[in-house]
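Enquirer: Got a structure for you, work.txt, holding compact mmCIF, C-alpha atoms and all ligand atoms.
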# COMPACT_ATOMS: atom_id res chain seq x y z
CA MET A 103 -62.88 0.25 19.56
CA ARG A 104 -60.96 3.08 17.89
CA ARG A 105 -58.98 5.44 20.05
CA THR A 106 -60.70 8.82 20.26
CA ILE A 107 -59.84 12.30 21.49
CA GLN A 108 -62.94 14.05 22.79
CA LEU A 109 -63.17 17.72 23.72
CA ARG A 110 -65.32 18.06 26.86
CA GLY A 111 -65.14 21.78 27.62
CA ILE A 112 -63.28 25.07 27.18
CA SER A 113 -62.47 27.43 30.05
CA ARG A 114 -60.52 30.62 30.58
CA LEU A 115 -58.26 31.33 33.54
CA SER A 116 -56.91 34.80 34.29
CA GLN A 117 -53.70 35.07 36.33
CA ASP A 118 -51.80 38.30 37.04
CA ASP A 119 -50.76 39.53 33.59
CA THR A 120 -51.73 36.44 31.57
CA VAL A 121 -54.90 34.66 30.50
CA GLN A 122 -54.98 30.94 29.79
CA LEU A 123 -57.30 29.16 27.39
CA GLN A 124 -57.88 25.60 28.62
CA PHE A 125 -59.24 22.75 26.52
CA HIS A 126 -60.49 19.88 28.70
CA PHE A 127 -60.35 16.64 26.75
CA GLN A 128 -60.54 12.89 27.19
CA ASP A 129 -58.22 10.48 25.44
CA SER A 130 -60.04 7.11 25.35
CA ALA A 131 -56.70 5.38 26.05
CA GLN A 132 -56.36 7.20 29.38
CA GLU A 133 -58.55 7.26 32.49
CA GLN A 134 -57.99 10.86 33.47
CA GLU A 135 -59.24 13.93 31.65
CA SER A 136 -56.38 16.14 30.40
CA ILE A 137 -56.01 19.87 29.84
CA LEU A 138 -54.33 21.38 26.80
CA PHE A 139 -53.58 25.03 27.55
CA PHE A 140 -52.38 28.09 25.69
CA THR A 141 -51.27 31.11 27.73
CA PHE A 142 -51.59 34.63 26.28
CA PRO A 143 -50.85 38.15 27.54
CA CYS A 144 -53.90 39.57 29.40
CA SER A 145 -54.41 42.04 26.52
CA CYS A 146 -55.81 39.04 24.58
CA GLU A 147 -58.63 38.31 27.03
CA LYS A 148 -61.47 39.78 24.96
CA ALA A 149 -60.15 38.20 21.78
CA LEU A 150 -60.32 34.62 23.07
CA VAL A 151 -63.05 32.34 21.72
CA THR A 152 -64.47 29.95 24.32
CA ASP A 153 -67.77 28.83 22.84
CA ILE A 154 -66.65 26.99 19.68
CA SER A 155 -64.16 24.19 19.20
CA ASP A 156 -62.48 25.15 15.89
CA ALA A 157 -59.06 25.86 17.41
CA PHE A 158 -58.96 22.58 19.36
CA LEU A 159 -60.05 20.48 16.39
CA LEU A 160 -57.38 22.08 14.24
CA ALA A 161 -54.61 21.76 16.85
CA LEU A 162 -55.41 18.08 17.44
CA TYR A 163 -55.98 17.19 13.79
CA PRO A 164 -52.30 16.38 12.93
CA ILE A 165 -51.94 14.23 16.07
CA CYS A 166 -55.07 12.22 15.36
CA ALA A 167 -54.45 11.94 11.60
CA ARG A 168 -50.90 10.64 12.19
CA LYS A 169 -51.96 8.12 14.81
CA ASP A 170 -55.25 7.19 13.08
CA MET A 171 -57.39 8.31 16.00
CA ASP A 172 -60.87 9.83 15.87
CA LEU A 173 -61.59 13.38 16.96
CA THR A 174 -64.89 14.50 18.51
CA SER A 175 -66.15 17.51 20.41
CA ASP A 176 -68.98 18.20 22.87
CA ILE A 177 -68.54 21.88 22.04
CA PRO A 178 -69.92 22.95 18.65
CA ALA A 179 -67.65 23.93 15.77
CA SER A 180 -68.41 26.81 13.43
CA LYS A 181 -70.17 25.59 10.28
CA GLU A 182 -67.76 27.03 7.77
CA PHE A 183 -64.63 25.81 9.55
CA TYR A 184 -66.12 22.36 10.11
CA ARG A 185 -66.85 21.91 6.41
CA LYS A 186 -63.32 22.98 5.51
CA LEU A 187 -61.66 20.74 8.09
CA GLN A 188 -63.58 17.75 6.77
CA ALA A 189 -62.41 18.60 3.24
CA LEU A 190 -58.80 18.98 4.41
CA ASN A 191 -59.04 15.63 6.20
CA THR A 192 -60.29 13.93 3.04
CA PHE A 193 -57.69 15.64 0.84
CA LEU A 194 -54.68 14.77 3.03
CA GLY A 195 -56.00 11.31 3.84
CA HIS A 196 -56.01 10.64 0.10
CA HIS A 197 -52.65 12.20 -0.82
CA SER A 198 -50.46 11.57 2.22
CA GLN A 199 -48.78 8.31 3.15
CA VAL A 200 -48.52 9.31 6.82
CA LEU A 201 -51.86 11.02 7.53
CA HIS A 202 -55.06 8.98 7.76
CA ALA A 203 -58.53 10.20 6.84
CA ILE A 204 -60.08 10.13 10.31
CA HIS A 205 -63.59 10.49 11.70
CA ILE A 206 -64.16 14.06 12.95
CA SER A 207 -67.49 14.91 14.57
CA ALA A 208 -69.06 17.90 16.32
CA GLU A 209 -72.33 19.83 16.29
CA THR A 210 -72.09 22.99 14.23
CA THR A 211 -73.18 26.58 14.79
CA GLU A 212 -72.60 30.05 13.35
CA PHE A 213 -69.59 31.92 14.75
CA GLU A 214 -70.53 35.36 16.03
CA ARG A 215 -67.61 37.76 16.15
CA LYS A 216 -67.59 40.20 19.03
CA GLY A 217 -64.44 42.28 18.49
CA GLU A 218 -63.33 44.88 15.96
CA GLN A 219 -61.32 42.37 13.92
CA GLU A 220 -58.41 44.74 13.47
CA TRP A 221 -55.61 42.41 14.52
CA ARG A 222 -53.32 41.10 11.80
CA LEU A 223 -50.89 38.46 12.97
CA ALA A 224 -47.54 37.41 11.57
CA SER A 225 -44.71 35.25 12.88
CA GLY A 226 -42.16 36.87 15.17
CA SER A 227 -39.39 34.29 14.82
CA LEU A 228 -37.10 36.78 13.00
CA GLY A 229 -35.86 34.06 10.64
CA VAL A 230 -35.62 34.54 6.87
CA ASP A 231 -39.25 33.53 6.22
CA CYS A 232 -40.64 35.77 8.97
CA LEU A 233 -38.62 38.86 8.01
CA HIS A 234 -39.41 38.37 4.34
CA THR A 235 -43.14 38.43 5.12
CA LEU A 236 -42.68 41.74 6.96
CA TYR A 237 -40.57 43.02 4.08
CA CYS A 238 -43.31 42.11 1.58
CA ALA A 239 -46.03 43.71 3.73
CA GLU A 240 -44.02 46.96 3.85
CA HIS A 241 -43.44 47.00 0.10
CA ASN A 242 -46.88 46.03 -1.19
CA PRO A 243 -49.71 48.50 -0.46
CA LEU A 244 -52.35 45.84 -1.17
CA TYR A 245 -51.57 44.25 2.19
CA PRO A 246 -52.16 46.13 5.46
CA ARG A 247 -49.21 46.00 7.84
CA PRO A 248 -49.28 43.23 10.50
CA THR A 249 -50.23 44.58 13.92
CA HIS A 250 -48.97 41.72 16.13
CA LEU A 251 -45.93 39.46 15.88
CA VAL A 252 -46.56 36.07 17.49
CA PHE A 253 -43.89 34.07 19.24
CA ASN A 254 -45.16 30.57 19.98
CA ASN A 255 -43.43 28.39 22.52
CA THR A 256 -45.26 25.28 21.45
CA GLY A 257 -42.44 22.97 20.58
CA SER A 258 -39.38 24.18 18.74
CA ASN A 259 -37.85 25.82 21.77
CA GLU A 260 -38.16 22.67 23.82
CA GLU A 261 -35.64 20.92 21.62
CA GLY A 262 -32.70 22.97 22.92
CA GLY A 263 -31.87 20.52 25.74
CA LYS A 264 -29.97 22.16 28.58
CA GLN A 265 -29.83 25.46 26.76
CA GLN A 266 -33.60 25.57 26.34
CA LYS A 267 -34.41 28.22 28.93
CA GLU A 268 -31.58 30.53 27.92
CA LEU A 269 -32.39 30.05 24.24
CA LEU A 270 -36.08 30.78 24.74
CA GLN A 271 -35.48 33.88 26.90
CA GLY A 272 -32.90 35.16 24.41
CA ARG A 273 -35.24 34.71 21.47
CA ILE A 274 -38.13 36.36 23.30
CA ALA A 275 -35.87 39.34 24.13
CA ASN A 276 -34.84 39.63 20.45
CA THR A 277 -38.44 39.70 19.23
CA GLN A 278 -39.51 42.12 21.99
CA ALA A 279 -36.72 44.51 21.02
CA PHE A 280 -37.67 44.20 17.35
CA CYS A 281 -41.36 44.91 18.08
CA LYS A 282 -40.47 47.94 20.19
CA GLU A 283 -38.18 49.39 17.52
CA TYR A 284 -40.51 48.84 14.56
CA GLY A 285 -43.94 49.37 16.15
CA TYR A 286 -45.51 45.90 16.41
CA GLN A 287 -47.40 44.41 19.35
CA PHE A 288 -45.48 41.47 20.81
CA LEU A 289 -47.55 38.36 21.49
CA PHE A 290 -45.91 35.51 23.39
CA VAL A 291 -47.97 32.30 23.51
CA ASP A 292 -46.93 29.47 25.81
CA SER A 293 -48.45 25.99 25.74
CA ASN A 294 -48.13 22.44 27.04
CA TYR A 295 -48.90 21.00 23.57
CA LYS A 296 -45.45 19.47 23.08
CA SER A 297 -45.24 17.96 26.56
CA LEU A 298 -48.74 16.46 26.22
CA PHE A 299 -48.31 14.92 22.79
CA GLY A 300 -44.54 14.74 22.24
CA VAL A 301 -44.74 15.14 18.48
CA ARG A 302 -42.20 16.90 16.30
CA TYR A 303 -42.75 20.62 15.92
CA VAL A 304 -42.29 20.54 12.13
CA HIS A 305 -45.28 18.19 11.80
CA THR A 306 -47.63 20.34 13.86
CA GLN A 307 -46.36 23.91 13.51
CA LEU A 308 -48.73 24.94 10.71
CA TYR A 309 -51.78 23.65 12.57
CA ILE A 310 -50.83 25.15 15.94
CA ASN A 311 -50.01 28.57 14.49
CA SER A 312 -53.34 28.55 12.66
CA ALA A 313 -55.21 27.28 15.74
CA ILE A 314 -53.84 30.24 17.74
CA ALA A 315 -55.35 32.62 15.16
CA PHE A 316 -58.72 30.84 15.66
CA MET A 317 -58.31 31.09 19.47
CA LEU A 318 -58.03 34.88 19.09
CA GLY A 319 -60.94 34.86 16.63
CA HIS A 320 -62.89 37.78 18.11
CA GLU A 321 -60.13 40.20 17.12
CA VAL A 322 -57.94 38.57 14.44
CA SER A 323 -58.93 39.08 10.81
CA VAL A 324 -55.70 38.16 9.00
CA TYR A 325 -52.88 35.72 9.63
CA TYR A 326 -49.94 36.41 7.33
CA VAL A 327 -48.39 33.06 6.56
CA SER A 328 -44.59 32.99 6.39
CA SER A 329 -44.31 30.12 3.99
CA ALA A 330 -41.27 27.84 4.30
CA GLY A 331 -41.98 26.24 0.95
CA HIS A 332 -42.15 27.80 -2.46
CA LEU A 333 -44.15 27.34 -5.61
CA PHE A 334 -41.53 25.57 -7.70
CA GLN A 335 -40.48 22.75 -5.41
CA THR A 336 -41.70 19.17 -5.60
CA LEU A 337 -44.86 18.65 -3.55
CA ASP A 338 -44.37 16.36 -0.58
CA PHE A 339 -47.45 15.37 1.41
CA ASN A 340 -45.46 13.26 3.85
CA HIS A 341 -42.91 15.71 5.21
CA ALA A 342 -43.39 18.99 7.10
CA PRO A 343 -46.72 20.65 6.18
CA GLY A 344 -44.85 23.97 5.93
CA HIS A 345 -43.60 22.76 2.54
CA ILE A 346 -47.12 22.57 1.09
CA ASP A 347 -48.83 25.27 3.12
CA PHE A 348 -49.92 27.19 0.02
CA LEU A 349 -52.10 24.15 -0.74
CA LEU A 350 -53.38 23.68 2.80
CA TYR A 351 -54.28 27.24 3.82
CA PRO A 352 -57.17 27.63 1.35
CA PHE A 353 -58.83 24.84 3.34
CA LEU A 354 -58.62 26.94 6.49
CA ASN A 355 -59.80 30.32 5.22
CA THR A 356 -63.17 31.39 6.55
CA HIS A 357 -65.17 34.60 6.17
CA SER A 358 -63.85 35.86 9.48
CA LEU A 359 -60.24 34.73 9.21
CA ASP A 360 -57.98 35.12 6.20
CA PHE A 361 -54.80 33.03 6.06
CA CYS A 362 -52.87 35.08 3.59
CA THR A 363 -49.52 34.73 1.84
CA ILE A 364 -48.37 38.09 0.53
CA GLU A 365 -47.68 38.19 -3.18
CA GLY A 366 -43.95 37.76 -3.65
CA ASP A 367 -43.50 35.64 -0.53
CA TRP A 368 -43.73 32.29 -2.34
CA THR A 369 -40.21 32.47 -3.62
CA SER A 370 -37.17 30.42 -2.70
CA ARG A 371 -35.01 31.09 0.36
CA PHE A 372 -32.22 32.44 -1.82
CA TYR A 373 -34.45 35.11 -3.37
CA LYS A 374 -35.99 35.90 0.01
CA THR A 375 -32.51 36.53 1.39
CA LYS A 376 -31.76 38.65 -1.68
CA ASP A 377 -34.68 40.94 -0.77
CA LEU A 378 -33.52 41.14 2.84
CA VAL A 379 -30.02 42.45 2.06
CA SER A 380 -31.54 45.89 1.52
CA TYR A 381 -33.96 45.70 4.47
CA PRO A 382 -32.45 47.39 7.57
CA PRO A 383 -34.62 45.49 10.14
CA ALA A 384 -33.20 42.22 8.76
CA GLN A 385 -29.63 43.51 8.78
CA LYS A 386 -30.00 44.25 12.47
CA TYR A 387 -32.21 41.40 13.72
CA LEU A 388 -32.02 38.37 11.39
CA ASN A 389 -31.84 35.31 13.64
CA VAL A 390 -31.48 31.87 12.11
CA CYS A 391 -29.37 29.93 14.62
CA PHE A 392 -30.38 26.40 15.65
CA ASP A 393 -28.54 26.52 18.95
CA HIS A 394 -28.20 30.04 20.31
CA ALA A 395 -30.21 33.23 20.77
CA GLN A 396 -27.43 35.06 18.87
CA ASN A 397 -26.25 33.58 15.57
CA CYS A 398 -23.28 31.26 16.19
CA CYS A 399 -21.94 31.22 12.58
CA ILE A 400 -21.20 27.49 13.02
CA CYS A 401 -24.51 25.55 12.95
CA GLU A 402 -26.08 24.36 9.73
CA LYS A 403 -28.61 27.19 9.47
CA CYS A 404 -26.06 29.90 10.26
CA ARG A 405 -23.68 28.49 7.64
CA ARG A 406 -26.43 28.22 5.05
CA THR A 407 -27.46 31.83 5.63
CA LEU A 408 -23.88 33.14 5.61
CA ILE A 409 -23.06 31.43 2.34
CA THR A 410 -26.23 32.87 0.81
CA LEU A 411 -25.21 36.33 1.97
CA GLU A 412 -21.74 35.66 0.56
CA ALA A 413 -23.24 34.77 -2.82
CA LEU A 414 -25.09 38.10 -2.66
CA ASP A 415 -21.96 40.07 -1.60
CA ALA A 416 -23.84 41.13 1.52
CA VAL A 417 -22.12 39.57 4.55
CA ASP A 418 -20.66 42.86 5.84
CA GLY A 419 -24.11 44.46 5.98
CA PHE A 420 -25.18 41.81 8.49
CA ALA A 421 -22.37 42.51 10.97
CA PRO A 422 -24.91 43.33 13.72
CA CYS A 423 -26.23 39.72 13.60
CA PHE A 424 -23.19 37.63 12.69
CA SER A 425 -19.65 37.73 14.09
CA LEU A 426 -17.56 38.52 11.04
CA LYS A 427 -14.43 37.23 12.82
CA THR A 428 -15.99 33.80 13.55
CA TYR A 429 -17.18 33.68 9.96
CA ALA A 430 -13.71 34.60 8.60
CA ASP A 431 -12.09 31.93 10.79
CA ASN A 432 -14.42 29.23 9.40
CA LYS A 433 -15.11 30.51 5.91
CA ASP A 434 -12.93 28.02 4.00
CA HIS A 435 -14.63 25.06 5.69
CA ILE A 436 -18.08 26.55 5.08
CA PHE A 437 -17.25 26.89 1.37
CA ALA A 438 -15.83 23.34 1.19
CA ASP A 439 -18.86 21.84 2.97
CA PHE A 440 -21.13 23.70 0.59
CA LEU A 441 -19.23 22.17 -2.34
CA LEU A 442 -19.87 18.74 -0.82
CA ASP A 443 -23.58 19.56 -0.56
CA TYR A 444 -23.52 20.61 -4.20
CA GLN A 445 -21.86 17.35 -5.25
CA LYS A 446 -24.57 15.43 -3.34
CA GLY A 447 -27.24 17.26 -5.36
CA ASP A 448 -28.60 19.34 -2.49
CA ASP A 449 -31.37 21.60 -3.89
CA TYR A 450 -30.25 24.67 -2.01
CA ALA A 451 -26.60 24.29 -3.04
CA LEU A 452 -27.64 23.74 -6.67
CA GLU A 453 -29.57 27.01 -6.63
CA ILE A 454 -26.79 29.08 -5.09
CA ILE A 455 -23.64 27.72 -6.67
CA PRO A 456 -23.93 29.78 -9.91
CA PHE A 457 -23.86 32.94 -7.78
CA LEU A 458 -20.90 31.73 -5.74
CA LYS A 459 -18.64 30.36 -8.46
CA LYS A 460 -16.43 33.41 -8.74
CA LYS A 461 -15.54 33.15 -5.04
CA LEU A 462 -14.68 29.46 -5.00
CA THR A 463 -10.91 28.93 -5.21
CA ARG A 464 -8.68 25.90 -5.77
CA LYS A 465 -8.18 25.80 -1.98
CA HIS A 466 -11.92 25.25 -1.43
CA HIS A 467 -12.04 22.48 -4.04
CA LEU A 468 -9.00 20.78 -2.48
CA LEU A 469 -10.49 21.06 1.00
CA ALA A 470 -13.77 19.58 -0.28
CA TRP A 471 -11.83 16.70 -1.88
CA TYR A 472 -10.00 16.10 1.41
CA LYS A 473 -13.27 16.08 3.39
CA ARG A 474 -14.90 13.69 0.93
CA THR A 475 -11.91 11.33 1.16
CA TYR A 476 -11.89 11.58 4.95
CA LEU A 477 -15.59 10.70 5.14
CA ALA A 478 -15.09 7.81 2.70
CA ILE A 479 -12.31 6.38 4.90
CA ARG A 480 -14.48 6.63 8.00
CA HIS A 481 -17.18 4.60 6.26
CA LEU A 482 -14.73 1.72 5.72
CA ARG A 483 -14.53 -1.11 8.21
CA GLY A 484 -12.06 0.08 10.85
CA GLY A 485 -12.09 3.51 9.18
CA VAL A 486 -12.63 5.47 12.38
CA ALA A 487 -9.57 3.85 13.98
CA LEU A 488 -7.56 4.48 10.81
CA THR A 489 -8.35 8.21 10.79
CA LYS A 490 -7.22 8.39 14.42
CA LEU A 491 -4.02 6.46 13.64
CA LEU A 492 -3.21 8.84 10.78
CA HIS A 493 -4.25 11.89 12.88
CA LEU A 494 -6.76 12.90 10.21
CA LYS A 495 -9.31 15.55 11.14
CA CYS A 496 -12.17 17.01 9.19
CA TRP A 497 -12.88 20.27 11.02
ZN ZN A 501 -25.98 28.94 14.54
Could I get this structure in the form of structure tokens?

Expert:
Amino acid sequence: MRRTIQLRGISRLSQDDTVQLQFHFQDSAQEQESILFFTFPCSCEKALVTDISDAFLLALYPICARKDMDLTSDIPASKEFYRKLQALNTFLGHHSQVLHAIHISAETTEFERKGEQEWRLASGSLGVDCLHTLYCAEHNPLYPRPTHLVFNNTGSNEEGGKQQKELLQGRIANTQAFCKEYGYQFLFVDSNYKSLFGVRYVHTQLYINSAIAFMLGHEVSVYYVSSAGHLFQTLDFNHAPGHIDFLLYPFLNTHSLDFCTIEGDWTSRFYKTKDLVSYPPAQKYLNVCFDHAQNCCICEKCRRTLITLEALDAVDGFAPCFSLKTYADNKDHIFADFLLDYQKGDDYALEIIPFLKKKLTRKHHLLAWYKRTYLAIRHLRGGVALTKLLHLKCW
């Protein structure tokens, strides 16, 4: 018999200043019923949808499709969403090597909205993609400004190990300060999704973010998608869905909920950063660091962003978010590592190098040569011992 996830019921639990949406489900491989919860600020209480299963089916879809499990619900799904989810399931089951076309079943009904539908959500991560979406919304009158910035603690922040709590609190504080300064509602959503299912955030992020918009379906009309992919890259149905989200979101649009990418936001990270160099909120709040609530200037994402800003002659303008001294101390190594990425054919390095050429000196090329040689020696049998014997260091 095939393993099945079955939604049994949906409840709502109010506590002090939060309200929790609870999905009671049965995994056929386990004896006990489980609860998947999402916790919202109490201001979301009237927005929460408890009588249809759309959000649960969407949140569980990537888990079930990866593990080839069936997905059923005792609670009806809305007709329009159900049709679209079935189409998405067929489409990805056909094109992806890692997602199976699974059996999804639920009764269907019409979704009756009860709220004013004036909430427009966008991501509140303050990374390049997030800030570029806000930049586009401010510069294109066709798109009404987002009202709420959502910060989801549904996975990525659990990967910080010992620093997790500090990292999460720091990031929340950054987004709260940003919202206060620029007039957005801050929406923190906590969940046990990651601890229940233990899957990688990059594989589920798109579905969870979208499911949260469906959970708040009585009030939300638009979810502005901060796309991580762009129109000109090679399509990859097996990696993170964020790379093909412009293909997937049309499957999720319904009459009541518009998943929208603002025109101009489907460009590459380099051109997004180029727009942000003249956007004061980004100069003050841009946060890209893998490891810390404040940018460390050392990790891969910090280095990638700094070298992009360097190519755009814009590092000094971002002094509020990056330590210029730490950057200056490490700049030669960042340049040399970027040259190595370029020699390996890294897409991002290939795009940026023409803009950086005038700043690359003989010293950077020599340092890159040294690093390449060092890495080659370490790959040899006994190479690690040899580098120690010769007192060779890379960084
Ligand atoms: Zn960093």

Enquirer: One decimal, Å: what's the distance from atom CA of A:Phe183 over to atom CA of A:His345, could you say?

Expert: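 Between these atoms lies a distance of 22.4 Å.
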
Enquirer: Measuring between only C-alpha atoms and all ligand atoms, which one of A:Lys386, A:Lys282, A:His435, A:Arg405 shows the shortest distance to ligand ZN 501 (chain A)?

Expert: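 Of all the options, A:Arg405 lies closest to ligand ZN 501 (chain A).
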
Enquirer: Which residues come within 12 Å of A:His234, counting all atoms listed in the file, excluding same-chain residues fewer than 4 positions away, as a VMD selection string?

Expert: chain A and resid 224 to 230 238 to 241 326 to 330 363 to 385 388

Enquirer: Taking all atoms listed in the file and a cut-off of 10 Å, can you tell me which residues surround ligand ZN 501 (chain A), written as a PDB file with C-alpha atoms, in the coordinates of the input?

Expert:
ATOM      1  CA  ASN A 389     -31.840  35.310  13.640  1.00  0.00           C
ATOM      2  CA  VAL A 390     -31.480  31.870  12.110  1.00  0.00           C
ATOM      3  CA  CYS A 391     -29.370  29.930  14.620  1.00  0.00           C
ATOM      4  CA  PHE A 392     -30.380  26.400  15.650  1.00  0.00           C
ATOM      5  CA  ASP A 393     -28.540  26.520  18.950  1.00  0.00           C
ATOM      6  CA  HIS A 394     -28.200  30.040  20.310  1.00  0.00           C
ATOM      7  CA  ALA A 395     -30.210  33.230  20.770  1.00  0.00           C
ATOM      8  CA  GLN A 396     -27.430  35.060  18.870  1.00  0.00           C
ATOM      9  CA  ASN A 397     -26.250  33.580  15.570  1.00  0.00           C
ATOM     10  CA  CYS A 398     -23.280  31.260  16.190  1.00  0.00           C
ATOM     11  CA  CYS A 399     -21.940  31.220  12.580  1.00  0.00           C
ATOM     12  CA  ILE A 400     -21.200  27.490  13.020  1.00  0.00           C
ATOM     13  CA  CYS A 401     -24.510  25.550  12.950  1.00  0.00           C
ATOM     14  CA  GLU A 402     -26.080  24.360   9.730  1.00  0.00           C
ATOM     15  CA  LYS A 403     -28.610  27.190   9.470  1.00  0.00           C
ATOM     16  CA  CYS A 404     -26.060  29.900  10.260  1.00  0.00           C
ATOM     17  CA  ARG A 405     -23.680  28.490   7.640  1.00  0.00           C
ATOM     18  CA  ARG A 406     -26.430  28.220   5.050  1.00  0.00           C
ATOM     19  CA  THR A 407     -27.460  31.830   5.630  1.00  0.00           C
ATOM     20  CA  PHE A 424     -23.190  37.630  12.690  1.00  0.00           C
TER      21      PHE A 424
END

Enquirer: Which polymer residues have any atom within 7 Å of an atom of A:Ile137, counting all atoms listed in the file, with same-chain residues fewer than 6 positions away left out, as a PDB file with C-alpha atoms, keeping the file's coordinate frame?

Expert:
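So the final result, stored in out26.pdb, reads:
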ATOM      1  CA  GLN A 124     -57.880  25.600  28.620  1.00  0.00           C
ATOM      2  CA  PHE A 125     -59.240  22.750  26.520  1.00  0.00           C
ATOM      3  CA  HIS A 126     -60.490  19.880  28.700  1.00  0.00           C
ATOM      4  CA  PHE A 127     -60.350  16.640  26.750  1.00  0.00           C
TER       5      PHE A 127
END

Enquirer: Pick from A:Ala478, A:Tyr387, A:Val121, A:Pro456: nearest to A:Gly419, with all atoms listed in the file counted?

Expert: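 Using all atoms listed in the file, A:Gly419 sits closest to A:Tyr387.
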
Enquirer: Point out the residue among A:Leu223, A:Ala131, A:Ile206, A:Ile436 with the least atom-to-atom distance to A:Ala189, counting all atoms listed in the file.

Expert: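 Of A:Leu223, A:Ala131, A:Ile206, A:Ile436, the one nearest A:Ala189, counting all atoms listed in the file, is A:Ile206.
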
Enquirer: I'd like the neighbourhood of A:Lys433 as a ChimeraX atom specification, where a residue qualifies if any of its atoms comes within 10 Å (using only C-alpha atoms), though same-chain residues fewer than 3 positions away should be ignored.

Expert: /A:399-400,405,408-409,412,426-430,436-439,466

Enquirer: Mind rebuilding stretch 348-360 of chain A with N, CA and C atoms and writing that out as a short mmCIF file (atom, residue, chain, number, x, y, z; two decimals), in the frame of the given file?

Expert:
data_model
loop_
_atom_site.label_atom_id
_atom_site.label_comp_id
_atom_site.auth_asym_id
_atom_site.auth_seq_id
_atom_site.Cartn_x
_atom_site.Cartn_y
_atom_site.Cartn_z
N PHE A 348 -49.10 26.42 0.97
CA PHE A 348 -49.92 27.19 0.02
C PHE A 348 -51.08 26.35 -0.52
N LEU A 349 -50.98 25.01 -0.38
CA LEU A 349 -52.10 24.15 -0.74
C LEU A 349 -53.07 23.97 0.43
N LEU A 350 -52.54 24.00 1.64
CA LEU A 350 -53.38 23.68 2.80
C LEU A 350 -54.17 24.88 3.31
N TYR A 351 -53.59 26.10 3.22
CA TYR A 351 -54.28 27.24 3.82
C TYR A 351 -55.63 27.58 3.18
N PRO A 352 -55.82 27.38 1.87
CA PRO A 352 -57.17 27.63 1.35
C PRO A 352 -58.24 26.78 2.04
N PHE A 353 -57.86 25.65 2.60
CA PHE A 353 -58.83 24.84 3.34
C PHE A 353 -59.22 25.49 4.67
N LEU A 354 -58.37 26.39 5.15
CA LEU A 354 -58.62 26.94 6.49
C LEU A 354 -59.25 28.33 6.45
N ASN A 355 -59.22 28.98 5.30
CA ASN A 355 -59.80 30.32 5.22
C ASN A 355 -61.29 30.29 5.50
N THR A 356 -61.73 31.23 6.33
CA THR A 356 -63.17 31.39 6.55
C THR A 356 -63.51 32.87 6.30
N HIS A 357 -64.79 33.21 6.39
CA HIS A 357 -65.17 34.60 6.17
C HIS A 357 -64.59 35.52 7.24
N SER A 358 -64.35 34.99 8.41
CA SER A 358 -63.85 35.86 9.48
C SER A 358 -62.34 35.83 9.61
N LEU A 359 -61.68 34.85 9.02
CA LEU A 359 -60.24 34.73 9.21
C LEU A 359 -59.56 34.39 7.90
N ASP A 360 -58.65 35.28 7.49
CA ASP A 360 -57.98 35.12 6.20
C ASP A 360 -56.53 34.69 6.44
#
